[in-house]
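Trainee: Just one file: upload.cif, with mmCIF, C-alpha atoms.
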data_entry
loop_
_atom_site.group_PDB
_atom_site.id
_atom_site.type_symbol
_atom_site.label_atom_id
_atom_site.label_comp_id
_atom_site.auth_asym_id
_atom_site.auth_seq_id
_atom_site.Cartn_x
_atom_site.Cartn_y
_atom_site.Cartn_z
ATOM 1 C CA MET W 10 -33.478 16.515 15.592
ATOM 2 C CA ARG W 11 -32.343 15.870 19.150
ATOM 3 C CA PRO W 12 -33.022 12.359 20.468
ATOM 4 C CA GLU W 13 -35.420 12.346 23.391
ATOM 5 C CA LEU W 14 -34.845 10.254 26.493
ATOM 6 C CA HIS W 15 -37.771 9.288 28.642
ATOM 7 C CA TRP W 16 -37.459 10.781 32.143
ATOM 8 C CA GLU W 17 -37.946 7.333 33.755
ATOM 9 C CA SER W 18 -34.903 6.014 31.901
ATOM 10 C CA LEU W 19 -32.799 8.942 33.061
ATOM 11 C CA ILE W 20 -33.925 8.545 36.667
ATOM 12 C CA ALA W 21 -33.331 4.775 36.582
ATOM 13 C CA THR W 22 -29.853 5.238 35.106
ATOM 14 C CA GLY W 23 -29.011 7.930 37.650
ATOM 15 C CA TYR W 24 -30.279 5.767 40.509
ATOM 16 C CA ALA W 25 -28.315 2.764 39.244
ATOM 17 C CA MET W 26 -25.160 4.872 39.091
ATOM 18 C CA LEU W 27 -25.838 6.123 42.615
ATOM 19 C CA LEU W 28 -26.029 2.499 43.780
ATOM 20 C CA VAL W 29 -22.673 1.834 42.094
ATOM 21 C CA VAL W 30 -21.129 4.808 43.905
ATOM 22 C CA ILE W 31 -22.578 3.622 47.234
ATOM 23 C CA ALA W 32 -21.208 0.109 46.604
ATOM 24 C CA GLY W 33 -17.768 1.586 45.912
ATOM 25 C CA ALA W 34 -17.974 3.735 49.038
ATOM 26 C CA LEU W 35 -18.850 0.667 51.143
ATOM 27 C CA GLU W 36 -15.813 -1.149 49.752
ATOM 28 C CA TRP W 37 -13.546 1.817 50.464
ATOM 29 C CA MET W 38 -14.912 2.309 53.992
ATOM 30 C CA GLY W 39 -14.476 -1.380 54.804
ATOM 31 C CA ARG W 40 -10.886 -1.470 53.591
ATOM 32 C CA HIS W 41 -10.083 1.827 55.290
ATOM 33 C CA SER W 42 -11.541 0.690 58.622
ATOM 34 C CA HIS W 43 -9.623 -2.581 58.412
ATOM 35 C CA GLN W 44 -6.347 -0.772 57.725
ATOM 36 C CA ARG W 45 -7.009 1.772 60.482
ATOM 37 C CA ALA W 46 -7.697 -0.990 63.005
ATOM 38 C CA GLY W 47 -4.406 -2.624 62.041
ATOM 39 C CA ARG W 48 -2.532 0.653 62.515
ATOM 40 C CA PHE W 49 -4.177 1.148 65.919
ATOM 41 C CA HIS W 50 -3.094 -2.330 67.013
ATOM 42 C CA THR W 51 0.505 -1.603 66.008
ATOM 43 C CA GLY W 52 0.597 2.111 66.879
ATOM 44 C CA GLY W 53 4.144 3.328 67.426
ATOM 45 C CA PHE W 54 5.654 0.038 66.230
ATOM 46 C CA ARG W 55 7.532 -0.239 62.934
ATOM 47 C CA PHE W 56 7.717 -3.359 60.798
ATOM 48 C CA GLN W 57 11.150 -4.136 59.376
ATOM 49 C CA LYS W 58 10.138 -6.215 56.361
ATOM 50 C CA HIS W 59 13.642 -7.208 55.268
ATOM 51 C CA LEU W 60 14.398 -8.517 58.795
ATOM 52 C CA ASP W 61 10.877 -9.880 59.436
ATOM 53 C CA HIS W 62 10.392 -8.287 62.841
ATOM 54 C CA TRP W 63 8.538 -5.442 64.522
ATOM 55 C CA GLU W 64 10.373 -2.778 66.485
ATOM 56 C CA CYS W 65 8.790 -1.026 69.442
ATOM 57 C CA PRO W 66 9.229 2.717 70.096
ATOM 58 C CA THR W 67 12.002 1.932 72.609
ATOM 59 C CA GLY W 68 13.939 -0.117 70.023
ATOM 60 C CA ILE W 69 13.076 -3.629 71.262
ATOM 61 C CA ARG W 70 12.487 -6.224 68.553
ATOM 62 C CA LEU W 71 9.401 -8.388 68.410
ATOM 63 C CA LEU W 72 10.509 -11.524 66.608
ATOM 64 C CA ARG W 73 8.291 -13.983 64.788
ATOM 65 C CA ALA W 74 7.107 -16.384 67.479
ATOM 66 C CA GLU W 75 4.682 -18.557 65.510
ATOM 67 C CA THR W 76 2.507 -18.897 62.479
ATOM 68 C CA ASP W 77 -0.987 -20.088 63.353
ATOM 69 C CA ASN W 78 -2.441 -21.551 60.172
ATOM 70 C CA ASP W 79 -5.749 -22.388 61.865
ATOM 71 C CA LEU W 80 -6.400 -18.750 62.856
ATOM 72 C CA ARG W 81 -4.457 -17.497 59.812
ATOM 73 C CA VAL W 82 -2.175 -15.127 61.765
ATOM 74 C CA ILE W 83 1.517 -14.612 62.388
ATOM 75 C CA ARG W 84 2.463 -13.737 65.972
ATOM 76 C CA TYR W 85 5.440 -11.565 66.794
ATOM 77 C CA ARG W 86 6.530 -11.372 70.427
ATOM 78 C CA ALA W 87 9.042 -9.422 72.493
ATOM 79 C CA PRO W 88 10.950 -11.189 75.261
ATOM 80 C CA ALA W 89 8.968 -11.109 78.526
ATOM 81 C CA ARG W 90 11.990 -10.087 80.616
ATOM 82 C CA THR W 91 12.600 -7.075 78.358
ATOM 83 C CA CYS W 92 8.974 -5.896 78.392
ATOM 84 C CA ASN W 93 8.554 -6.457 82.123
ATOM 85 C CA GLY W 94 11.514 -4.166 82.823
ATOM 86 C CA CYS W 95 10.487 -1.499 80.327
ATOM 87 C CA PRO W 96 9.547 1.934 81.757
ATOM 88 C CA VAL W 97 6.680 2.352 79.237
ATOM 89 C CA LYS W 98 5.194 -1.132 79.712
ATOM 90 C CA ALA W 99 1.986 0.239 81.266
ATOM 91 C CA ASN W 100 1.287 2.173 78.061
ATOM 92 C CA CYS W 101 2.069 -0.811 75.844
ATOM 93 C CA THR W 102 0.818 -4.080 77.332
ATOM 94 C CA ASP W 103 -0.564 -5.583 80.514
ATOM 95 C CA SER W 104 0.838 -9.010 79.665
ATOM 96 C CA ASP W 105 3.619 -10.482 81.766
ATOM 97 C CA ASN W 106 4.615 -12.606 78.755
ATOM 98 C CA GLY W 107 5.796 -9.670 76.621
ATOM 99 C CA ARG W 108 4.117 -7.587 73.954
ATOM 100 C CA GLU W 109 2.586 -9.537 71.102
ATOM 101 C CA ILE W 110 1.462 -8.396 67.675
ATOM 102 C CA GLU W 111 -0.766 -10.536 65.477
ATOM 103 C CA VAL W 112 -0.627 -10.002 61.731
ATOM 104 C CA PRO W 113 -3.268 -11.611 59.518
ATOM 105 C CA LEU W 114 -1.996 -13.886 56.760
ATOM 106 C CA ASP W 115 -4.955 -13.181 54.508
ATOM 107 C CA PRO W 116 -6.032 -9.938 52.858
ATOM 108 C CA TRP W 117 -9.021 -7.853 53.932
ATOM 109 C CA LEU W 118 -11.402 -9.639 51.588
ATOM 110 C CA SER W 119 -10.737 -12.949 53.330
ATOM 111 C CA THR W 120 -11.981 -11.626 56.665
ATOM 112 C CA GLU W 121 -15.598 -12.022 57.698
ATOM 113 C CA ILE W 122 -16.182 -8.275 57.670
ATOM 114 C CA GLY W 123 -14.520 -8.035 54.260
ATOM 115 C CA ARG W 124 -16.836 -10.672 52.845
ATOM 116 C CA PHE W 125 -19.802 -8.918 54.479
ATOM 117 C CA HIS W 126 -18.898 -5.597 52.862
ATOM 118 C CA ARG W 127 -18.317 -7.323 49.526
ATOM 119 C CA GLY W 128 -21.711 -9.039 49.803
ATOM 120 C CA LEU W 129 -23.422 -5.701 50.394
ATOM 121 C CA SER W 130 -21.598 -4.204 47.432
ATOM 122 C CA LEU W 131 -22.611 -7.115 45.219
ATOM 123 C CA ALA W 132 -26.233 -6.803 46.311
ATOM 124 C CA LEU W 133 -26.225 -3.097 45.391
ATOM 125 C CA LEU W 134 -24.565 -3.780 42.037
ATOM 126 C CA PHE W 135 -27.062 -6.543 41.287
ATOM 127 C CA LEU W 136 -29.947 -4.229 42.203
ATOM 128 C CA ALA W 137 -28.544 -1.529 39.907
ATOM 129 C CA ALA W 138 -28.279 -4.056 37.045
ATOM 130 C CA LEU W 139 -31.821 -5.300 37.716
ATOM 131 C CA ILE W 140 -33.240 -1.770 37.622
ATOM 132 C CA LEU W 141 -31.524 -1.087 34.303
ATOM 133 C CA ALA W 142 -32.631 -4.441 32.842
ATOM 134 C CA VAL W 143 -36.256 -3.735 33.739
ATOM 135 C CA GLU W 144 -36.021 -0.248 32.246
ATOM 136 C CA LEU W 145 -34.446 -1.703 29.115
ATOM 137 C CA LEU W 146 -37.411 -4.061 28.744
ATOM 138 C CA ARG W 147 -39.852 -1.175 29.225
ATOM 139 C CA HIS W 148 -38.100 1.350 26.968
ATOM 140 C CA ASP W 149 -36.306 -0.637 24.289
ATOM 141 C CA HIS W 150 -36.244 1.876 21.475
ATOM 142 C CA GLY W 151 -34.034 4.638 20.142
ATOM 143 C CA THR W 152 -31.462 6.413 22.236
ATOM 144 C CA GLU W 153 -32.882 5.057 25.497
ATOM 145 C CA ARG W 154 -31.974 1.525 24.457
ATOM 146 C CA TRP W 155 -28.332 2.498 23.896
ATOM 147 C CA VAL W 156 -28.014 4.493 27.120
ATOM 148 C CA LEU W 157 -29.625 1.767 29.229
ATOM 149 C CA ALA W 158 -27.769 -1.054 27.482
ATOM 150 C CA GLY W 159 -24.439 0.742 27.880
ATOM 151 C CA ALA W 160 -24.978 1.392 31.574
ATOM 152 C CA LEU W 161 -26.219 -2.176 32.092
ATOM 153 C CA THR W 162 -23.169 -3.587 30.331
ATOM 154 C CA ILE W 163 -20.763 -1.541 32.452
ATOM 155 C CA ILE W 164 -22.506 -2.489 35.703
ATOM 156 C CA SER W 165 -22.743 -6.159 34.686
ATOM 157 C CA VAL W 166 -19.027 -6.362 33.916
ATOM 158 C CA LEU W 167 -18.243 -4.619 37.215
ATOM 159 C CA THR W 168 -20.531 -7.015 39.111
ATOM 160 C CA VAL W 169 -18.908 -10.085 37.533
ATOM 161 C CA ASN W 170 -15.404 -8.789 38.316
ATOM 162 C CA VAL W 171 -16.293 -8.027 41.937
ATOM 163 C CA ALA W 172 -17.921 -11.455 42.353
ATOM 164 C CA GLN W 173 -14.907 -13.244 40.827
ATOM 165 C CA GLU W 174 -12.523 -11.421 43.152
ATOM 166 C CA LEU W 175 -14.628 -12.536 46.112
ATOM 167 C CA ARG W 176 -14.653 -16.167 44.950
ATOM 168 C CA GLY W 177 -10.846 -16.117 44.619
ATOM 169 C CA HIS W 178 -10.251 -15.680 48.369
ATOM 170 C CA PRO W 179 -10.154 -18.343 51.103
ATOM 171 C CA GLY W 180 -13.187 -18.746 53.306
ATOM 172 C CA VAL W 181 -15.629 -17.929 50.541
#
Could you rewrite the structure in this file as structure tokens?
Mentor:
Amino acid sequence: MRPELHWESLIATGYAMLLVVIAGALEWMGRHSHQRAGRFHTGGFRFQKHLDHWECPTGIRLLRAETDNDLRVIRYRAPARTCNGCPVKANCTDSDNGREIEVPLDPWLSTEIGRFHRGLSLALLFLAALILAVELLRHDHGTERWVLAGALTIISVLTVNVAQELRGHPGV
């Protein structure tokens, strides 16, 4: 005898899983956009990690100028006299003080947009868990109970992990 699942339980589980996928896609899109914006800001420049400086396409070094703990950024700057005499300055900067690159000290999740995306993801995960919990209360017998309880457990653990990661970052 094949165990029967009520169609409402299947739809609820499928919808909950769709919400989980959407939450994951929001996280990925947020991180991807943040990384892309950083690459745009430093386009053509290369970071030399072992020397702690940026290098422009013409070979000029942008040295660490300051660490701003209030704004949580590190500023790297090229000498003004070098940039002002550079033939590609117009394509690089309009500043007479030399090109500057700001690098955030904190990871994506510590930014306002990162926390916003994480909040949306948590809301979707919570909604998915709520839908499954309600379905579990309505259909708490046989195979349905195990399918719903399993999906609810997985989503609950995922929700707790995502929430804990958010709480572990500054500004939250």
Trainee: Rank W:Leu14, W:Leu131, W:Ile31, W:Ala21 by their smallest atom-to-atom distance to Leu161 of chain W, using only C-alpha atoms, and report the top residue only.
Mentor: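 Among the listed residues, the smallest separation from Leu161 of chain W belongs to W:Ala21.
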Trainee: Given the PyMOL selection byres ((chain W and resi 20) around 12) and the file above, list the residues it selects as a list in words.
Mentor: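 Taken on the displayed file, the PyMOL selection byres ((chain W and resi 20) around 12) yields the residues Leu14, His15, Trp16, Glu17, Ser18, Leu19, Ala21, Thr22, Gly23, Tyr24, Ala25, Met26, Leu27, Ala137, Ile140, Leu141, Glu144, Glu153, Val156 and Leu157 of chain W.
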Trainee: Considering all atoms listed in the file, tabulate each residue of segment 68-168 of chain W that lies at most 12 Å from segment 37-48 of chain W along with its nearest interatomic pair and the corresponding distance in Å to one decimal; arrange the rows by chain and ascending residue number and present them as CSV.
Mentor:
residue,atom,partner,partner_atom,distance
W:Ile110,CA,W:Gly47,CA,10.0
W:Glu111,CA,W:Gly47,CA,9.4
W:Val112,CA,W:Gly47,CA,8.3
W:Pro113,CA,W:Gly47,CA,9.4
W:Pro116,CA,W:Arg40,CA,9.8
W:Trp117,CA,W:Arg40,CA,6.7
W:Leu118,CA,W:Arg40,CA,8.4
W:Ser119,CA,W:Arg40,CA,11.5
W:Thr120,CA,W:His43,CA,9.5
W:Glu121,CA,W:Gly39,CA,11.1
W:Ile122,CA,W:Gly39,CA,7.7
W:Gly123,CA,W:Gly39,CA,6.7
W:Arg124,CA,W:Gly39,CA,9.8
W:Phe125,CA,W:Gly39,CA,9.2
W:His126,CA,W:Gly39,CA,6.4
W:Arg127,CA,W:Gly39,CA,8.8
W:Gly128,CA,W:Gly39,CA,11.7
W:Leu129,CA,W:Gly39,CA,10.9
W:Ser130,CA,W:Trp37,CA,10.5
Trainee: Need the shell around segment 90-105 of chain W: protein/DNA/RNA residues with any atom at most 12 Å away, counting all atoms listed in the file. Skip same-chain ones fewer than 3 positions apart. Format as a PyMOL selection string?
Mentor: chain W and resi 49-54+65-71+86-87+108-110
Trainee: What separation in Å, quoted to one decimal, exists between atom CA of Leu60 of chain W and atom CA of Asp79 of chain W?
Mentor: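 The value is 24.7 Å.
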Trainee: Under the PyMOL selection byres ((chain W and resi 166-168) around 9), which residues of this model are included? Write them out as a PyMOL selection string.
Mentor: chain W and resi 130-131+134-135+138+161-165+169-173
